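Participant: Sharing a structure below in structure tokens format, with a few things to ask.
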Amino acid sequence: MAVKIQLFGQLKQITGASEIFMDASDTDELVRAMADRYPGIGNLTYLIAVDRNVVLANTAIKTGQELALLPPYSGG
Amino acid sequence: MNQKIKNIFVKGAISPAFIGEKIAAHQSKTDIGAHSIFLGQVRADLVENKQVAAVDYTSYEAMALEQMAAIREMMIEKYSLTCMHVYHSLGKIGIGEICLFVFTSARHRKAATDACSEIVERIKATLPIWGQEIFEDESYQWKMNKPA
């Protein structure tokens, strides 16, 4: 299932895109797919937000959900 | 949760005049006995002999505003605040300019100052905002927040 992912900060810069489509049925699969497609991510850590909430454990991805990958914050 | 989503984002730097207007707007709220204000300013850091000229801020705005609404509700209740205002810049902010303005008001000083301090820490820890430091030679690096 292809899902739309929003990218921010360094991830947007590494991939050259603010939105991408990835095939993933859960968030662990998404992390593996990202590393395969974008080796440049390397050791960059990021959080995954599903419907604007950070998920820490592996989470199933459902059609229509809003997904985003968030590098470490540096606001303020 | 019945949260009102307020926009905190300002395009460009936060001007001292804007801050002054916000203070003045509270003169009619006479149950307030104390205000506390935090202002974040873009610092001219030196990194490997290159000086920061500006920080370019971006955000996942929809999520940041939802998170901020939750923080607002929690802080107003915890500290019995009369008022609470938060403004954060987006876009390129030059060194010496203000990029974060947190303004809390309460009946007494301790609630206002403690709330202001906690809100700043929560903003830095939980709002999806990114700052890219732009150096004088146009090169850049992603900003990393340091503890307090």
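By convention here, the chains of the structure tokens are called A, B, ... in the order presented, each chain's residues are numbered starting at 1, and ligands are numbered starting at 1 in the order presented.
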Residues of chain B near chain A: apply a cut-off of 6 Å, count only C-alpha atoms, and supply the list as a list in words.

Facilitator: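 Result: Met63, Leu100, Lys124, Pro128, Ile129, Trp130, Gly131, Lys143, Met144 and Asn145 of chain B.
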
Participant: Residues within 7 Å of Tyr87 in chain B, please, as a PyMOL selection string. Count only C-alpha atoms; anything in the same chain fewer than 5 positions from it doesn't count.

Facilitator: chain B and resi 8-10+100-102

Participant: For those residues, write C-alpha atoms to a file as an mmCIF file, in the first residue's frame.

Facilitator:
data_model
loop_
_atom_site.group_PDB
_atom_site.id
_atom_site.type_symbol
_atom_site.label_atom_id
_atom_site.label_comp_id
_atom_site.auth_asym_id
_atom_site.auth_seq_id
_atom_site.Cartn_x
_atom_site.Cartn_y
_atom_site.Cartn_z
ATOM 1 C CA ILE B 8 1.371 30.929 17.109
ATOM 2 C CA PHE B 9 3.366 31.401 13.920
ATOM 3 C CA VAL B 10 4.600 34.753 12.700
ATOM 4 C CA LEU B 100 10.180 33.349 20.221
ATOM 5 C CA PHE B 101 7.887 35.363 22.497
ATOM 6 C CA VAL B 102 6.181 33.679 25.446
#

Participant: Which residues are close to range 34-41 of chain A, i.e. within 8 Å by only C-alpha atoms, leaving aside same-chain residues fewer than 2 positions away? Reply as a PyMOL selection string.

Facilitator: chain A and resi 11+14-15+22+30-32+43-44

Participant: Pick out the closest residue to Ile123 in chain B from this set: B:Ala148, B:Ile71, B:Cys99, B:Leu81. Count only C-alpha atoms.

Facilitator: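 Smallest distance to Ile123 in chain B is found for B:Ile71.
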
Participant: Would you please give, as JSON, numbers by chain, all residues of chain A that DSSP assigns to helix (DSSP H, G or I) based on the backbone?

Facilitator: {"A": [9, 10, 11, 12, 13, 14, 15, 27, 28, 29, 30, 31, 32, 33, 34, 35, 36, 37, 39, 40, 41]}

Participant: Could you turn the residues from that selection into a file that holds C-alpha atoms, as an mmCIF file, in the first residue's frame?

Facilitator:
data_model
loop_
_atom_site.group_PDB
_atom_site.id
_atom_site.type_symbol
_atom_site.label_atom_id
_atom_site.label_comp_id
_atom_site.auth_asym_id
_atom_site.auth_seq_id
_atom_site.Cartn_x
_atom_site.Cartn_y
_atom_site.Cartn_z
ATOM 1 C CA GLY A 9 14.024 19.536 8.238
ATOM 2 C CA GLN A 10 17.065 17.463 7.292
ATOM 3 C CA LEU A 11 14.863 14.701 5.848
ATOM 4 C CA LYS A 12 13.305 17.128 3.401
ATOM 5 C CA GLN A 13 16.763 18.254 2.425
ATOM 6 C CA ILE A 14 18.277 14.758 2.047
ATOM 7 C CA THR A 15 15.395 13.477 -0.067
ATOM 8 C CA THR A 27 5.871 2.117 10.811
ATOM 9 C CA ASP A 28 8.747 -0.386 11.198
ATOM 10 C CA GLU A 29 8.380 -1.278 7.524
ATOM 11 C CA LEU A 30 8.366 2.409 6.690
ATOM 12 C CA VAL A 31 11.686 2.947 8.497
ATOM 13 C CA ARG A 32 13.265 0.038 6.570
ATOM 14 C CA ALA A 33 11.869 1.303 3.259
ATOM 15 C CA MET A 34 13.220 4.801 3.945
ATOM 16 C CA ALA A 35 16.725 3.455 4.695
ATOM 17 C CA ASP A 36 16.664 1.371 1.483
ATOM 18 C CA ARG A 37 15.537 4.194 -0.741
ATOM 19 C CA PRO A 39 20.891 5.663 2.158
ATOM 20 C CA GLY A 40 21.871 9.310 2.763
ATOM 21 C CA ILE A 41 19.666 9.294 5.881
#
